[in-house]
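Read the structure below first, then the notes.
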Amino acid sequence: MGGRLSFPVFDADNHLYETRDAFTRHLPAPYASAIDYVEVKGRTKIAIRGQISDYIPNPTFDVVARPGAQEDYFRNGNPEGKSYREIFGKPMRSIPAFREPAPRLELMNELGVDRALMFPTLASLLEERMRDDPELTHAAIHSLNEWIYEEWMFDYQGRIFSTPVITLPIVEKALRELEWVVERGAKVVLVRPAPVPGFRGSRSFAHEEFDPFWKAAEDAGVLVAMHSSDSGYSRYLGDWTGPSEMLPFRPNAFGLVSVGFRPLEDSLAALACNNVFSKFPNLKVAVVEAGSEWLPGLFTRLGDAYKKMPQAFDEHPVETIKRNVYISPFHEDDLAQLIQIMGVDHVMFGSDYPHPEGLAEPCSFVDHLPPGLTEEETAKIMGGNLTQVMGVAATV
């Protein structure tokens, strides 16, 4: 497996696979029927409020794609026009390291990874499928967070930092949830990059209504991670292609072109245009598993808006993003360009391990960094920057 590097490695994008009771073990009785697993033609599916979801083909994760199965596909494309089944290849049985922290530490040792942010996998479907019931959403997310804390902790031996989810529909509940996870050691939280549904329709999480949350996150010093998720953009795509659930493992060409990573672009644009980063200059936001190729275009559009409407901004919006935001790019991105526009101190490596879209050997990310970096700059990207942002000790 991956060799050990000469400096500490802190992976900004690792994943756990949830067990079947991850969402229901602590779900209050009034909502017990909201989440279930059902058998459909011999296959187990998850059902949210009675609606069967195909978001993840195998939501039990008993059998999973091999880590890095799509690595070549994302780096070199698919010139032979292979099917997704051919690209994924032979699956594997899930191993304890995908489900439990102690075996995961052993695997991290083999892979040469000292620390990792640990994101859930299936949890990214919850909020969108409960969007018209804020009370249920908060109950389900808290149930998930209780499971994460019980099984993984939020800070496991100073090496695995699991990311509890903060959902925002009811701000007071979001504040209580943030307080609950921080009291239990959370140093990073996960916020969905999407408009916030509520009792009176959706609204931007950059509106003043949410200032207390951003202030609380700033005061707590937690890193707010925005990871690619089901952000509800299939509704907009459906105006062109017909209504459909977001299916990340059944992409279509038009969806890749039209939606892409717009949820992350729009989320950063909302925070910058509504001066959230100016009001809370010490707020730390990480963009994870959304690549970075869209960033130059976003900066161009924000620069044009500032040129034409400077009175709308407390500061130049591009500069606020460069100050407050940290990007974890894909290995196949133009990393030299990202370093040039964000600065080396705001770039963090993430492997997406053990997902098939990621790297089979996380430390091989170093081989994709542009030539000419110093060892100090390389060490920052491979872990030093995240170590500093998280406020943890430099060495394990």
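For the structure tokens, the naming scheme is as follows: chains receive sequential letters (A, B, ...) according to their order of presentation, residues are indexed from 1 within each chain, and ligands are indexed from 1 in presentation order.
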Shell around range 352-366 of chain A at 7 Å using only C-alpha atoms, local window under 5 positions removed, as JSON, numbers by chain = {"A": [1, 2, 13, 14, 15, 65, 66, 67, 68, 69, 70, 71, 111, 112, 331]}
Check which residues of range 188-284 of chain A sit at most 10 Å from range 123-136 of chain A using only C-alpha atoms, and return one row each with the closest pair of atoms and their distance in Å to one decimal, ordered by chain and rising number, as a tab-separated table.
```
residue	atom	partner	partner_atom	distance
A:Arg192	CA	A:Ser124	CA	8.1
A:Ala194	CA	A:Glu128	CA	9.3
A:Val196	CA	A:Arg131	CA	8.4
A:Pro197	CA	A:Arg131	CA	5.7
A:Gly198	CA	A:Pro134	CA	6.1
A:Phe199	CA	A:Pro134	CA	7.1
A:Arg200	CA	A:Asp132	CA	9.4
A:Gly201	CA	A:Asp132	CA	8.3
A:Ser202	CA	A:Arg131	CA	9.1
A:His227	CA	A:Ser124	CA	9.0
A:Ser228	CA	A:Ser124	CA	8.4
A:Ser229	CA	A:Ser124	CA	5.3
A:Asp230	CA	A:Leu125	CA	5.9
A:Ser231	CA	A:Glu128	CA	6.7
A:Gly232	CA	A:Glu128	CA	6.0
A:Tyr233	CA	A:Glu128	CA	9.8
A:Glu245	CA	A:Arg129	CA	9.5
A:Met246	CA	A:Leu125	CA	9.0
```
Find the spatial neighbours of range 283-295 of chain A, counting only C-alpha atoms, within a cut-off of 9 Å - ignore same-chain residues fewer than 6 positions away - and output them as a VMD selection string.
-> chain A and resid 12 to 13 214 to 215 217 to 219 221 to 228 260 to 262 264 to 265 276 to 277 323 to 335 337 to 338 341 348 350 to 352 389
Write out the residues from the selection above, keeping N, CA and C atoms, as a compact mmCIF listing (two decimals), in the first residue's frame.
```txt
# COMPACT_ATOMS: atom_id res chain seq x y z
N ALA A 12 -8.05 15.34 4.01
CA ALA A 12 -9.26 16.15 4.21
C ALA A 12 -10.53 15.48 3.73
N ASP A 13 -10.43 14.26 3.20
CA ASP A 13 -11.64 13.65 2.63
C ASP A 13 -11.56 12.14 2.72
N TRP A 214 -23.43 31.36 11.93
CA TRP A 214 -22.07 31.61 11.47
C TRP A 214 -21.22 32.22 12.58
N LYS A 215 -21.83 33.06 13.39
CA LYS A 215 -21.12 33.65 14.53
C LYS A 215 -20.72 32.57 15.53
N ALA A 217 -20.28 29.38 14.93
CA ALA A 217 -19.22 28.55 14.34
C ALA A 217 -17.88 29.26 14.42
N GLU A 218 -17.87 30.56 14.15
CA GLU A 218 -16.64 31.34 14.26
C GLU A 218 -16.13 31.34 15.70
N ASP A 219 -17.02 31.58 16.65
CA ASP A 219 -16.61 31.64 18.05
C ASP A 219 -16.09 30.29 18.54
N GLY A 221 -14.60 28.12 16.73
CA GLY A 221 -13.37 27.78 16.02
C GLY A 221 -13.48 26.51 15.21
N VAL A 222 -14.71 26.05 14.94
CA VAL A 222 -14.86 24.81 14.16
C VAL A 222 -14.70 25.11 12.67
N LEU A 223 -14.20 24.13 11.96
CA LEU A 223 -14.14 24.20 10.52
C LEU A 223 -15.49 23.78 9.95
N VAL A 224 -16.08 24.60 9.10
CA VAL A 224 -17.34 24.27 8.45
C VAL A 224 -17.03 23.67 7.09
N ALA A 225 -17.28 22.39 6.95
CA ALA A 225 -17.01 21.70 5.69
C ALA A 225 -18.27 21.67 4.84
N MET A 226 -18.11 21.99 3.56
CA MET A 226 -19.18 21.85 2.59
C MET A 226 -18.73 20.81 1.57
N HIS A 227 -19.32 19.64 1.67
CA HIS A 227 -18.95 18.49 0.87
C HIS A 227 -20.02 18.26 -0.19
N SER A 228 -19.63 17.84 -1.37
CA SER A 228 -20.61 17.52 -2.41
C SER A 228 -21.68 16.60 -1.84
N GLY A 260 -23.00 20.22 -12.88
CA GLY A 260 -21.61 20.13 -12.43
C GLY A 260 -21.51 20.32 -10.93
N PHE A 261 -20.72 21.32 -10.52
CA PHE A 261 -20.55 21.61 -9.10
C PHE A 261 -21.13 22.97 -8.76
N ARG A 262 -22.25 23.29 -9.42
CA ARG A 262 -22.92 24.56 -9.17
C ARG A 262 -23.34 24.75 -7.71
N LEU A 264 -21.75 24.14 -5.01
CA LEU A 264 -20.63 24.75 -4.28
C LEU A 264 -20.36 26.15 -4.76
N GLU A 265 -20.42 26.37 -6.07
CA GLU A 265 -20.24 27.72 -6.60
C GLU A 265 -21.28 28.67 -6.01
N VAL A 276 -21.09 37.57 4.38
CA VAL A 276 -20.92 36.71 5.55
C VAL A 276 -19.45 36.64 5.96
N PHE A 277 -18.56 36.53 4.97
CA PHE A 277 -17.15 36.43 5.30
C PHE A 277 -16.60 37.75 5.85
N ARG A 323 -9.45 34.49 1.83
CA ARG A 323 -9.11 34.54 3.25
C ARG A 323 -9.80 33.45 4.05
N ASN A 324 -11.08 33.21 3.78
CA ASN A 324 -11.90 32.36 4.65
C ASN A 324 -12.04 30.92 4.18
N VAL A 325 -11.73 30.64 2.92
CA VAL A 325 -12.08 29.35 2.33
C VAL A 325 -10.82 28.53 2.03
N TYR A 326 -10.95 27.23 2.22
CA TYR A 326 -9.88 26.27 1.93
C TYR A 326 -10.45 25.23 0.97
N ILE A 327 -9.69 24.92 -0.06
CA ILE A 327 -10.18 24.05 -1.13
C ILE A 327 -9.44 22.72 -1.11
N SER A 328 -10.22 21.64 -1.16
CA SER A 328 -9.65 20.30 -1.33
C SER A 328 -9.98 19.84 -2.74
N PRO A 329 -9.04 19.93 -3.67
CA PRO A 329 -9.32 19.66 -5.09
C PRO A 329 -9.28 18.18 -5.42
N PHE A 330 -9.70 17.87 -6.62
CA PHE A 330 -9.51 16.52 -7.15
C PHE A 330 -8.07 16.35 -7.62
N HIS A 331 -7.60 15.12 -7.60
CA HIS A 331 -6.23 14.87 -8.04
C HIS A 331 -6.04 15.19 -9.52
N GLU A 332 -7.14 15.14 -10.30
CA GLU A 332 -7.02 15.38 -11.74
C GLU A 332 -7.17 16.86 -12.10
N ASP A 333 -7.39 17.73 -11.12
CA ASP A 333 -7.57 19.16 -11.39
C ASP A 333 -6.25 19.81 -11.80
N ASP A 334 -6.35 21.03 -12.31
CA ASP A 334 -5.17 21.85 -12.59
C ASP A 334 -4.70 22.43 -11.26
N LEU A 335 -3.87 21.69 -10.57
CA LEU A 335 -3.47 22.06 -9.22
C LEU A 335 -2.56 23.28 -9.22
N GLN A 337 -2.84 25.85 -11.19
CA GLN A 337 -3.73 27.00 -11.31
C GLN A 337 -4.40 27.29 -9.96
N LEU A 338 -4.86 26.25 -9.28
CA LEU A 338 -5.51 26.45 -7.99
C LEU A 338 -4.55 27.08 -6.99
N ILE A 341 -4.12 30.83 -7.72
CA ILE A 341 -5.19 31.78 -7.42
C ILE A 341 -5.61 31.78 -5.96
N MET A 348 -5.78 21.93 0.29
CA MET A 348 -5.67 20.78 1.16
C MET A 348 -5.95 19.50 0.38
N GLY A 350 -7.18 15.80 -0.43
CA GLY A 350 -8.18 14.85 0.03
C GLY A 350 -8.23 13.69 -0.94
N SER A 351 -8.35 12.48 -0.43
CA SER A 351 -8.28 11.29 -1.28
C SER A 351 -9.64 10.69 -1.61
N ASP A 352 -10.69 11.04 -0.84
CA ASP A 352 -12.02 10.44 -0.99
C ASP A 352 -12.00 8.95 -0.68
N VAL A 389 -5.56 24.82 10.33
CA VAL A 389 -6.96 25.26 10.31
C VAL A 389 -7.75 24.58 11.43
```
Exercise: Tyr84 in chain A partners within 10 Å, only C-alpha atoms, chain neighbours under 6 positions left out, as JSON, numbers by chain = {"A": [70, 73, 78, 249, 250, 251]}
Do you know which residues are at most 10 Å from Trp180 in chain A counting only C-alpha atoms, after dropping those on the same chain fewer than 4 positions away, and could you put them as JSON, numbers by chain?
-> {"A": [142, 145, 146, 174, 175, 176, 184, 185, 186]}
Given the choices A:Arg115, A:Arg99, A:Arg43, A:Lys90, which gets closest to Ala394 in chain A if the distance is worked out from only C-alpha atoms?
->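 Comparing A:Arg115, A:Arg99, A:Arg43, A:Lys90 against Ala394 in chain A, the winner is A:Arg115.
Closest approach to Lys173 in chain A among A:Val392, A:Ala139, A:Ala47, A:Val64: A:Ala139, based on only C-alpha atoms.
In this comparison, which uses only C-alpha atoms, the residue of A:Val259, A:Met153, A:Leu386, A:Ala216 approaching Arg235 in chain A most closely is A:Val259.
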